[in-house]
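Next comes my_file-v7.txt, with compact mmCIF, N, CA and C atoms.
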# COMPACT_ATOMS: atom_id res chain seq x y z
N MET I 70 -161.19 -166.18 -58.67
CA MET I 70 -160.25 -165.21 -58.17
C MET I 70 -160.18 -164.05 -59.15
N GLY I 71 -160.01 -162.85 -58.62
CA GLY I 71 -159.91 -161.66 -59.45
C GLY I 71 -158.91 -160.68 -58.85
N PHE I 72 -158.66 -159.63 -59.59
CA PHE I 72 -157.66 -158.65 -59.18
C PHE I 72 -158.18 -157.24 -59.42
N ARG I 73 -157.76 -156.33 -58.55
CA ARG I 73 -158.05 -154.91 -58.72
C ARG I 73 -156.74 -154.14 -58.60
N LEU I 74 -156.58 -153.13 -59.44
CA LEU I 74 -155.41 -152.26 -59.40
C LEU I 74 -155.88 -150.84 -59.21
N SER I 75 -155.26 -150.15 -58.26
CA SER I 75 -155.54 -148.74 -58.03
C SER I 75 -154.21 -148.01 -57.99
N VAL I 76 -154.07 -147.00 -58.84
CA VAL I 76 -152.84 -146.21 -58.91
C VAL I 76 -153.21 -144.76 -58.64
N ASN I 77 -152.58 -144.16 -57.64
CA ASN I 77 -152.84 -142.76 -57.28
C ASN I 77 -151.59 -141.93 -57.52
N GLY I 78 -151.77 -140.83 -58.22
CA GLY I 78 -150.67 -139.91 -58.48
C GLY I 78 -151.14 -138.48 -58.39
N MET I 79 -150.25 -137.55 -58.69
CA MET I 79 -150.58 -136.13 -58.63
C MET I 79 -151.67 -135.75 -59.62
N ASN I 80 -151.72 -136.47 -60.74
CA ASN I 80 -152.67 -136.13 -61.79
C ASN I 80 -153.88 -137.05 -61.84
N GLY I 81 -154.26 -137.59 -60.69
CA GLY I 81 -155.48 -138.39 -60.66
C GLY I 81 -155.26 -139.84 -60.30
N LYS I 82 -156.31 -140.62 -60.58
CA LYS I 82 -156.35 -142.01 -60.17
C LYS I 82 -156.63 -142.90 -61.39
N ILE I 83 -155.98 -144.07 -61.38
CA ILE I 83 -156.22 -145.09 -62.40
C ILE I 83 -156.77 -146.31 -61.68
N GLU I 84 -157.87 -146.86 -62.19
CA GLU I 84 -158.44 -148.04 -61.56
C GLU I 84 -158.80 -149.09 -62.61
N LEU I 85 -158.40 -150.32 -62.34
CA LEU I 85 -158.77 -151.47 -63.16
C LEU I 85 -159.38 -152.51 -62.23
N ASP I 86 -160.36 -153.26 -62.74
CA ASP I 86 -161.04 -154.23 -61.88
C ASP I 86 -160.93 -155.65 -62.42
N GLU I 87 -161.73 -156.53 -61.82
CA GLU I 87 -161.69 -157.96 -62.15
C GLU I 87 -162.02 -158.23 -63.61
N LYS I 88 -162.81 -157.38 -64.26
CA LYS I 88 -163.16 -157.58 -65.66
C LYS I 88 -161.97 -157.35 -66.58
N THR I 89 -161.01 -156.57 -66.12
CA THR I 89 -159.89 -156.17 -66.96
C THR I 89 -158.63 -157.01 -66.70
N ILE I 90 -158.27 -157.18 -65.44
CA ILE I 90 -156.99 -157.83 -65.10
C ILE I 90 -157.13 -159.35 -65.15
N GLN I 91 -156.18 -160.00 -65.83
CA GLN I 91 -156.20 -161.46 -65.97
C GLN I 91 -155.16 -162.14 -65.08
N THR I 92 -153.95 -161.60 -65.00
CA THR I 92 -152.90 -162.22 -64.18
C THR I 92 -152.09 -161.16 -63.44
N VAL I 93 -151.58 -161.56 -62.28
CA VAL I 93 -150.66 -160.72 -61.50
C VAL I 93 -149.53 -161.62 -61.02
N VAL I 94 -148.30 -161.14 -61.17
CA VAL I 94 -147.13 -161.84 -60.66
C VAL I 94 -146.38 -160.86 -59.77
N PHE I 95 -146.24 -161.20 -58.47
CA PHE I 95 -145.43 -160.41 -57.54
C PHE I 95 -144.04 -161.00 -57.55
N ASN I 96 -143.02 -160.15 -57.55
CA ASN I 96 -141.66 -160.63 -57.69
C ASN I 96 -140.71 -159.90 -56.74
N SER I 97 -139.96 -160.67 -55.97
CA SER I 97 -138.88 -160.14 -55.15
C SER I 97 -137.58 -160.66 -55.76
N GLN I 98 -136.79 -159.75 -56.33
CA GLN I 98 -135.61 -160.14 -57.10
C GLN I 98 -134.32 -159.83 -56.36
N SER I 99 -133.51 -160.86 -56.16
CA SER I 99 -132.18 -160.71 -55.60
C SER I 99 -131.18 -160.98 -56.72
N ALA I 100 -129.95 -160.56 -56.53
CA ALA I 100 -128.93 -160.81 -57.54
C ALA I 100 -128.77 -162.31 -57.75
N LYS I 101 -128.70 -162.73 -59.01
CA LYS I 101 -128.61 -164.16 -59.33
C LYS I 101 -127.28 -164.78 -58.92
N ASP I 102 -126.23 -163.99 -58.78
CA ASP I 102 -124.91 -164.53 -58.46
C ASP I 102 -124.56 -164.39 -56.98
N SER I 103 -125.55 -164.13 -56.13
CA SER I 103 -125.31 -163.94 -54.71
C SER I 103 -125.39 -165.26 -53.95
N ASN I 104 -124.52 -165.43 -52.95
CA ASN I 104 -124.53 -166.63 -52.10
C ASN I 104 -125.17 -166.34 -50.75
N ALA I 105 -125.64 -165.16 -50.57
CA ALA I 105 -126.34 -164.76 -49.34
C ALA I 105 -127.38 -163.71 -49.72
N ARG I 106 -128.24 -163.38 -48.78
CA ARG I 106 -129.27 -162.37 -49.07
C ARG I 106 -128.58 -161.06 -49.42
N ALA I 107 -128.83 -160.59 -50.62
CA ALA I 107 -128.18 -159.37 -51.10
C ALA I 107 -128.90 -158.14 -50.56
N THR I 108 -128.17 -157.07 -50.37
CA THR I 108 -128.79 -155.81 -49.96
C THR I 108 -129.39 -155.10 -51.17
N ASP I 109 -128.96 -155.50 -52.34
CA ASP I 109 -129.44 -154.91 -53.58
C ASP I 109 -130.51 -155.83 -54.19
N PHE I 110 -131.78 -155.54 -53.88
CA PHE I 110 -132.87 -156.35 -54.41
C PHE I 110 -133.99 -155.45 -54.88
N GLY I 111 -134.86 -156.02 -55.69
CA GLY I 111 -135.96 -155.24 -56.24
C GLY I 111 -137.30 -155.91 -55.97
N LEU I 112 -138.34 -155.10 -55.84
CA LEU I 112 -139.70 -155.58 -55.65
C LEU I 112 -140.54 -155.09 -56.81
N ALA I 113 -141.24 -156.02 -57.47
CA ALA I 113 -141.96 -155.66 -58.68
C ALA I 113 -143.25 -156.45 -58.80
N ALA I 114 -144.09 -156.00 -59.72
CA ALA I 114 -145.32 -156.73 -60.08
C ALA I 114 -145.49 -156.64 -61.59
N LYS I 115 -145.94 -157.75 -62.15
CA LYS I 115 -146.24 -157.82 -63.59
C LYS I 115 -147.72 -158.14 -63.73
N ILE I 116 -148.41 -157.32 -64.48
CA ILE I 116 -149.87 -157.41 -64.59
C ILE I 116 -150.25 -157.50 -66.07
N THR I 117 -151.11 -158.45 -66.40
CA THR I 117 -151.63 -158.55 -67.76
C THR I 117 -153.15 -158.49 -67.72
N GLY I 118 -153.73 -158.04 -68.81
CA GLY I 118 -155.19 -157.97 -68.85
C GLY I 118 -155.72 -157.62 -70.22
N LYS I 119 -157.03 -157.43 -70.26
CA LYS I 119 -157.74 -157.12 -71.50
C LYS I 119 -157.93 -155.61 -71.63
N MET I 120 -157.91 -155.15 -72.84
CA MET I 120 -158.18 -153.74 -73.12
C MET I 120 -159.69 -153.58 -73.24
N LEU I 121 -160.28 -152.82 -72.33
CA LEU I 121 -161.71 -152.55 -72.37
C LEU I 121 -161.89 -151.07 -72.67
N PHE I 122 -162.06 -150.76 -73.94
CA PHE I 122 -162.15 -149.37 -74.37
C PHE I 122 -163.50 -148.78 -73.99
N LYS I 123 -163.50 -147.51 -73.60
CA LYS I 123 -164.74 -146.80 -73.28
C LYS I 123 -164.98 -145.76 -74.37
N VAL I 124 -165.65 -146.20 -75.41
CA VAL I 124 -165.94 -145.33 -76.55
C VAL I 124 -167.09 -144.40 -76.18
N GLY I 125 -166.85 -143.11 -76.26
CA GLY I 125 -167.89 -142.14 -75.96
C GLY I 125 -168.27 -142.08 -74.50
N GLY I 126 -167.51 -142.75 -73.66
CA GLY I 126 -167.81 -142.76 -72.23
C GLY I 126 -167.39 -141.47 -71.56
N SER I 127 -167.94 -141.23 -70.40
CA SER I 127 -167.62 -139.99 -69.68
C SER I 127 -166.30 -140.11 -68.92
N SER I 128 -165.84 -141.35 -68.73
CA SER I 128 -164.59 -141.52 -67.99
C SER I 128 -163.53 -142.17 -68.88
N GLU I 129 -162.29 -141.96 -68.51
CA GLU I 129 -161.16 -142.50 -69.24
C GLU I 129 -160.97 -143.97 -68.87
N ASP I 130 -160.68 -144.83 -69.85
CA ASP I 130 -160.44 -146.22 -69.48
C ASP I 130 -159.07 -146.34 -68.80
N GLY I 131 -158.97 -147.30 -67.92
CA GLY I 131 -157.76 -147.45 -67.11
C GLY I 131 -156.50 -147.69 -67.90
N THR I 132 -156.62 -148.42 -69.01
CA THR I 132 -155.40 -148.70 -69.78
C THR I 132 -154.86 -147.44 -70.45
N LEU I 133 -155.73 -146.50 -70.78
CA LEU I 133 -155.25 -145.22 -71.31
C LEU I 133 -154.45 -144.49 -70.23
N GLY I 134 -154.93 -144.55 -69.00
CA GLY I 134 -154.20 -143.96 -67.88
C GLY I 134 -152.85 -144.61 -67.67
N LEU I 135 -152.79 -145.95 -67.80
CA LEU I 135 -151.52 -146.66 -67.67
C LEU I 135 -150.55 -146.24 -68.77
N SER I 136 -151.06 -146.12 -69.98
CA SER I 136 -150.22 -145.72 -71.10
C SER I 136 -149.63 -144.32 -70.87
N LYS I 137 -150.46 -143.42 -70.38
CA LYS I 137 -149.97 -142.06 -70.09
C LYS I 137 -148.94 -142.06 -68.96
N TRP I 138 -149.18 -142.88 -67.91
CA TRP I 138 -148.23 -142.97 -66.79
C TRP I 138 -146.89 -143.50 -67.29
N SER I 139 -146.91 -144.45 -68.20
CA SER I 139 -145.66 -145.05 -68.69
C SER I 139 -144.81 -144.03 -69.44
N GLN I 140 -145.41 -142.93 -69.86
CA GLN I 140 -144.68 -141.92 -70.64
C GLN I 140 -144.18 -140.74 -69.80
N VAL I 141 -144.47 -140.75 -68.50
CA VAL I 141 -144.02 -139.65 -67.63
C VAL I 141 -142.50 -139.78 -67.44
N PRO I 142 -141.74 -138.76 -67.79
CA PRO I 142 -140.27 -138.85 -67.67
C PRO I 142 -139.82 -138.87 -66.20
N SER I 143 -138.65 -139.41 -65.98
CA SER I 143 -138.11 -139.55 -64.62
C SER I 143 -137.85 -138.21 -63.94
N GLU I 144 -137.75 -137.14 -64.71
CA GLU I 144 -137.53 -135.82 -64.12
C GLU I 144 -138.76 -135.29 -63.40
N GLN I 145 -139.92 -135.87 -63.68
CA GLN I 145 -141.16 -135.43 -63.06
C GLN I 145 -141.51 -136.33 -61.88
N ALA I 146 -141.89 -135.71 -60.76
CA ALA I 146 -142.20 -136.46 -59.55
C ALA I 146 -143.36 -137.42 -59.75
N ASP I 147 -144.26 -137.12 -60.69
CA ASP I 147 -145.45 -137.96 -60.89
C ASP I 147 -145.12 -139.30 -61.56
N CYS I 148 -143.86 -139.53 -61.93
CA CYS I 148 -143.51 -140.86 -62.46
C CYS I 148 -143.59 -141.91 -61.35
N TYR I 149 -143.47 -141.46 -60.08
CA TYR I 149 -143.61 -142.36 -58.92
C TYR I 149 -145.03 -142.20 -58.36
N ARG I 150 -145.74 -143.31 -58.27
CA ARG I 150 -147.11 -143.27 -57.79
C ARG I 150 -147.37 -144.40 -56.80
N ASN I 151 -148.44 -144.25 -56.03
CA ASN I 151 -148.86 -145.28 -55.10
C ASN I 151 -149.71 -146.30 -55.87
N ALA I 152 -149.28 -147.56 -55.88
CA ALA I 152 -150.01 -148.61 -56.58
C ALA I 152 -150.42 -149.69 -55.59
N GLU I 153 -151.68 -150.08 -55.63
CA GLU I 153 -152.20 -151.14 -54.78
C GLU I 153 -152.87 -152.20 -55.64
N ILE I 154 -152.48 -153.44 -55.39
CA ILE I 154 -153.07 -154.57 -56.09
C ILE I 154 -153.80 -155.41 -55.05
N ALA I 155 -155.09 -155.62 -55.25
CA ALA I 155 -155.88 -156.44 -54.34
C ALA I 155 -156.24 -157.74 -55.05
N VAL I 156 -156.08 -158.85 -54.33
CA VAL I 156 -156.47 -160.17 -54.82
C VAL I 156 -157.82 -160.49 -54.19
N ILE I 157 -158.81 -160.77 -55.02
CA ILE I 157 -160.17 -160.99 -54.56
C ILE I 157 -160.54 -162.46 -54.75
N SER I 158 -161.07 -163.08 -53.70
CA SER I 158 -161.57 -164.45 -53.77
C SER I 158 -162.90 -164.51 -53.05
N ALA I 159 -163.91 -165.03 -53.71
CA ALA I 159 -165.27 -165.12 -53.15
C ALA I 159 -165.75 -163.77 -52.62
N GLY I 160 -165.42 -162.71 -53.36
CA GLY I 160 -165.87 -161.38 -52.99
C GLY I 160 -165.10 -160.72 -51.86
N GLN I 161 -164.08 -161.38 -51.35
CA GLN I 161 -163.29 -160.85 -50.24
C GLN I 161 -161.84 -160.58 -50.68
N VAL I 162 -161.24 -159.54 -50.12
CA VAL I 162 -159.81 -159.28 -50.36
C VAL I 162 -159.03 -160.30 -49.54
N VAL I 163 -158.20 -161.11 -50.21
CA VAL I 163 -157.41 -162.13 -49.51
C VAL I 163 -155.93 -161.77 -49.44
N ARG I 164 -155.50 -160.86 -50.30
CA ARG I 164 -154.12 -160.40 -50.26
C ARG I 164 -154.08 -159.03 -50.90
N LYS I 165 -153.14 -158.21 -50.41
CA LYS I 165 -152.97 -156.87 -50.97
C LYS I 165 -151.48 -156.57 -51.06
N TYR I 166 -151.06 -156.05 -52.21
CA TYR I 166 -149.68 -155.61 -52.44
C TYR I 166 -149.71 -154.09 -52.56
N ILE I 167 -148.91 -153.41 -51.75
CA ILE I 167 -148.91 -151.95 -51.76
C ILE I 167 -147.49 -151.47 -52.08
N PHE I 168 -147.39 -150.75 -53.20
CA PHE I 168 -146.13 -150.16 -53.66
C PHE I 168 -146.28 -148.63 -53.55
N PRO I 169 -145.77 -147.99 -52.49
CA PRO I 169 -146.01 -146.56 -52.33
C PRO I 169 -145.23 -145.66 -53.29
N ASN I 170 -144.17 -146.15 -53.91
CA ASN I 170 -143.39 -145.36 -54.86
C ASN I 170 -143.07 -146.21 -56.09
N ALA I 171 -144.12 -146.60 -56.78
CA ALA I 171 -143.96 -147.46 -57.96
C ALA I 171 -143.70 -146.62 -59.20
N PHE I 172 -142.96 -147.20 -60.12
CA PHE I 172 -142.76 -146.58 -61.42
C PHE I 172 -142.90 -147.66 -62.49
N VAL I 173 -143.14 -147.24 -63.71
CA VAL I 173 -143.36 -148.18 -64.81
C VAL I 173 -142.02 -148.59 -65.40
N MET I 174 -141.75 -149.90 -65.35
CA MET I 174 -140.56 -150.45 -66.01
C MET I 174 -140.87 -150.72 -67.48
N GLU I 175 -142.04 -151.31 -67.74
CA GLU I 175 -142.46 -151.65 -69.09
C GLU I 175 -143.97 -151.52 -69.19
N TYR I 176 -144.43 -151.07 -70.33
CA TYR I 176 -145.86 -151.09 -70.61
C TYR I 176 -146.03 -151.41 -72.08
N GLU I 177 -146.88 -152.40 -72.39
CA GLU I 177 -147.13 -152.81 -73.76
C GLU I 177 -148.62 -152.96 -73.98
N GLU I 178 -149.05 -152.62 -75.18
CA GLU I 178 -150.41 -152.88 -75.62
C GLU I 178 -150.34 -153.70 -76.89
N HIS I 179 -151.09 -154.80 -76.91
CA HIS I 179 -151.14 -155.68 -78.08
C HIS I 179 -152.57 -155.62 -78.62
N LEU I 180 -152.70 -155.14 -79.85
CA LEU I 180 -154.01 -154.97 -80.46
C LEU I 180 -154.10 -155.87 -81.69
N ASP I 181 -155.25 -156.54 -81.84
CA ASP I 181 -155.45 -157.47 -82.94
C ASP I 181 -156.69 -157.07 -83.73
N ASP I 182 -156.51 -156.68 -84.98
CA ASP I 182 -157.66 -156.23 -85.76
C ASP I 182 -158.54 -157.38 -86.24
N GLU I 183 -158.05 -158.61 -86.22
CA GLU I 183 -158.86 -159.75 -86.64
C GLU I 183 -159.86 -160.17 -85.57
N THR I 184 -159.40 -160.23 -84.33
CA THR I 184 -160.29 -160.66 -83.25
C THR I 184 -160.96 -159.48 -82.56
N GLY I 185 -160.38 -158.28 -82.72
CA GLY I 185 -160.95 -157.10 -82.08
C GLY I 185 -160.67 -157.05 -80.59
N VAL I 186 -159.72 -157.85 -80.15
CA VAL I 186 -159.38 -157.90 -78.72
C VAL I 186 -157.99 -157.33 -78.53
N GLY I 187 -157.85 -156.52 -77.49
CA GLY I 187 -156.54 -155.99 -77.14
C GLY I 187 -156.14 -156.47 -75.76
N THR I 188 -154.84 -156.59 -75.55
CA THR I 188 -154.33 -156.96 -74.23
C THR I 188 -153.23 -155.98 -73.85
N PHE I 189 -152.96 -155.90 -72.55
CA PHE I 189 -151.88 -155.03 -72.07
C PHE I 189 -150.99 -155.79 -71.12
N TYR I 190 -149.77 -155.28 -70.98
CA TYR I 190 -148.79 -155.83 -70.05
C TYR I 190 -148.18 -154.64 -69.31
N LEU I 191 -148.24 -154.67 -67.98
CA LEU I 191 -147.67 -153.61 -67.15
C LEU I 191 -146.69 -154.22 -66.17
N HIS I 192 -145.48 -153.68 -66.15
CA HIS I 192 -144.44 -154.12 -65.21
C HIS I 192 -144.08 -152.90 -64.37
N ILE I 193 -144.45 -152.95 -63.08
CA ILE I 193 -144.12 -151.85 -62.17
C ILE I 193 -143.08 -152.32 -61.17
N LYS I 194 -142.34 -151.38 -60.67
CA LYS I 194 -141.29 -151.69 -59.71
C LYS I 194 -141.28 -150.60 -58.64
N GLN I 195 -140.94 -150.99 -57.42
CA GLN I 195 -140.82 -150.04 -56.32
C GLN I 195 -139.49 -149.31 -56.42
N LYS I 196 -139.49 -148.03 -56.11
CA LYS I 196 -138.25 -147.26 -56.05
C LYS I 196 -137.34 -147.94 -55.03
N LYS I 197 -136.13 -148.30 -55.47
CA LYS I 197 -135.25 -149.19 -54.69
C LYS I 197 -134.92 -148.69 -53.29
N ASP I 198 -134.68 -147.39 -53.14
CA ASP I 198 -134.29 -146.90 -51.82
C ASP I 198 -135.47 -146.85 -50.85
N GLU I 199 -136.65 -147.25 -51.30
CA GLU I 199 -137.82 -147.28 -50.43
C GLU I 199 -138.50 -148.65 -50.43
N ASN I 200 -137.71 -149.70 -50.64
CA ASN I 200 -138.25 -151.06 -50.63
C ASN I 200 -138.92 -151.41 -49.30
N ASP I 201 -138.40 -150.87 -48.21
CA ASP I 201 -138.97 -151.21 -46.90
C ASP I 201 -140.38 -150.67 -46.71
N ALA I 202 -140.85 -149.81 -47.60
CA ALA I 202 -142.20 -149.26 -47.50
C ALA I 202 -143.25 -150.15 -48.19
N VAL I 203 -142.79 -151.12 -48.98
CA VAL I 203 -143.73 -152.03 -49.65
C VAL I 203 -144.39 -152.92 -48.60
N LYS I 204 -145.69 -153.13 -48.77
CA LYS I 204 -146.43 -153.98 -47.84
C LYS I 204 -147.10 -155.11 -48.61
N VAL I 205 -147.04 -156.29 -48.04
CA VAL I 205 -147.81 -157.43 -48.52
C VAL I 205 -148.70 -157.83 -47.36
N GLU I 206 -150.00 -157.66 -47.55
CA GLU I 206 -150.95 -157.93 -46.48
C GLU I 206 -151.84 -159.10 -46.86
N GLY I 207 -152.31 -159.82 -45.85
CA GLY I 207 -153.20 -160.95 -46.09
C GLY I 207 -153.79 -161.40 -44.77
N GLY I 208 -154.51 -162.51 -44.81
CA GLY I 208 -155.11 -163.05 -43.60
C GLY I 208 -156.23 -162.20 -43.04
N TYR I 209 -156.98 -161.54 -43.93
CA TYR I 209 -158.07 -160.69 -43.48
C TYR I 209 -159.20 -161.54 -42.91
N SER I 210 -159.82 -161.07 -41.87
CA SER I 210 -160.96 -161.79 -41.28
C SER I 210 -162.24 -161.37 -41.98
N GLU I 211 -163.26 -162.21 -41.86
CA GLU I 211 -164.55 -161.88 -42.46
C GLU I 211 -165.20 -160.74 -41.70
N GLU I 212 -165.91 -159.90 -42.45
CA GLU I 212 -166.58 -158.77 -41.82
C GLU I 212 -168.05 -159.06 -41.65
Do you think you could lay out the structure here as C-alpha cells?
Amino acid sequence: MGFRLSVNGMNGKIELDEKTIQTVVFNSQSAKDSNARATDFGLAAKITGKMLFKVGGSSEDGTLGLSKWSQVPSEQADCYRNAEIAVISAGQVVRKYIFPNAFVMEYEEHLDDETGVGTFYLHIKQKKDENDAVKVEGGYSEE
C-alpha cells in the first residue's frame, strides 16, 4: 500500500508520492463531551513521511513546499489549498480523501545528523464552515 499527496494553491503545486509518504491518518473529530452528533466537528488528516531532498535538482522537493505552505499567514487566501490524498494498492487508487479548503495545523521536520535521515509530520484540517465539501471516495472499478 502507498500514498500520494497533491496540494494545489495559488502559488503552484506540491506533490509527494509513495516513496515519500509512510502513514496517513484520516480523522473526523466531534466534541468529546457530546452525547449526540455535534454540529461542531472537524475533518483532518495527519501525514508522516521521509525527507527526500533534491540537491541540485531542477524541481523543488515536496517537503520544502509543505514547509513554505505552513508559513503562509491566515490573512493570505493561499493559506487554504486543495489537498488530495490517494491510497494506492496494487497500483490502483482504492480510496481518495479530498479537502478543498485545507490549511496547515502543524508541520514538523525531524532531521538526524547521525543517520542522515529526515522525517516530516503534516497535520492538515478542512476549513470548518466548508466541511460538507470534503469527499471520501472509494470502491473504484478496474479500468
Quick one: everything within 7 Å of I:Val76, counting all atoms listed in the file, minus sequence neighbours fewer than 6 positions away in the same chain. Send it as number ranges by chain.
-> I: 82-85, 150-153
Among chain I, which residues carry a DSSP assignment of strand (DSSP E), reported as a ChimeraX atom specification?
-> /I:71-78,81-85,90-99,110-119,150-158,161-180,187-195,204-207
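Atom C of I:Asp147 sits 15.5 Å away from atom C of I:Thr132.
Using only C-alpha atoms, the shortest contact distance between I:Phe189 and any of I:Arg164, I:Lys119, I:Lys88, I:Lys204 is found at I:Lys119.
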Tell me which protein, DNA and RNA residues are within 8 Å of I:Thr117, counting only N, CA and C atoms, leaving out same-chain ones fewer than 4 positions away, and put them as number ranges by chain.
-> I: 89-94, 188-192
Per DSSP on the backbone, what are the helix (DSSP H, G or I) residues of chain I, as a list in words?
-> Gly131, Thr132, Leu133, Gly134, Leu135, Ser136, Lys137, Trp138, Ser139, Ala146, Asp147, Cys148, Lys197, Asp198, Glu199, Asn200, Asp201 and Ala202 of chain I
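Straight-line separation from atom N of I:Arg73 to atom N of I:Lys137: 19.0 Å.
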d(atom CA of I:Ile157, atom CA of I:Pro169) in Å = 20.3 Å
Which residue of I:Leu135, I:Val186, I:Ala155, I:Ala114 approaches I:Phe72 most closely, using only N, CA and C atoms |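 Counting only N, CA and C atoms, the residue closest to I:Phe72 is I:Ala155.
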Could you give me, as a PyMOL selection string, the residues that sit within 5 Å of (-141.2, -159.4, -56.3) in the file's coordinates, counting all atoms listed in the file?
-> chain I and resi 95-98+112-113
Counting all atoms listed in the file, figure out which residue out of I:Leu74, I:Phe122, I:Gly208, I:Asn170 gets nearest to I:Ile154.
->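 The shortest atom-to-atom distance to I:Ile154 comes from I:Leu74.
If you measure from each of I:Ser143, I:Gln195, I:Ser75, I:Ser136 to I:Tyr176 using only C-alpha atoms, the closest one turns out to be I:Ser136.
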Which of these residues is nearest to I:Glu175, using all atoms listed in the file: I:Ile193, I:Val156, I:Leu121, I:Met70?
-> I:Ile193
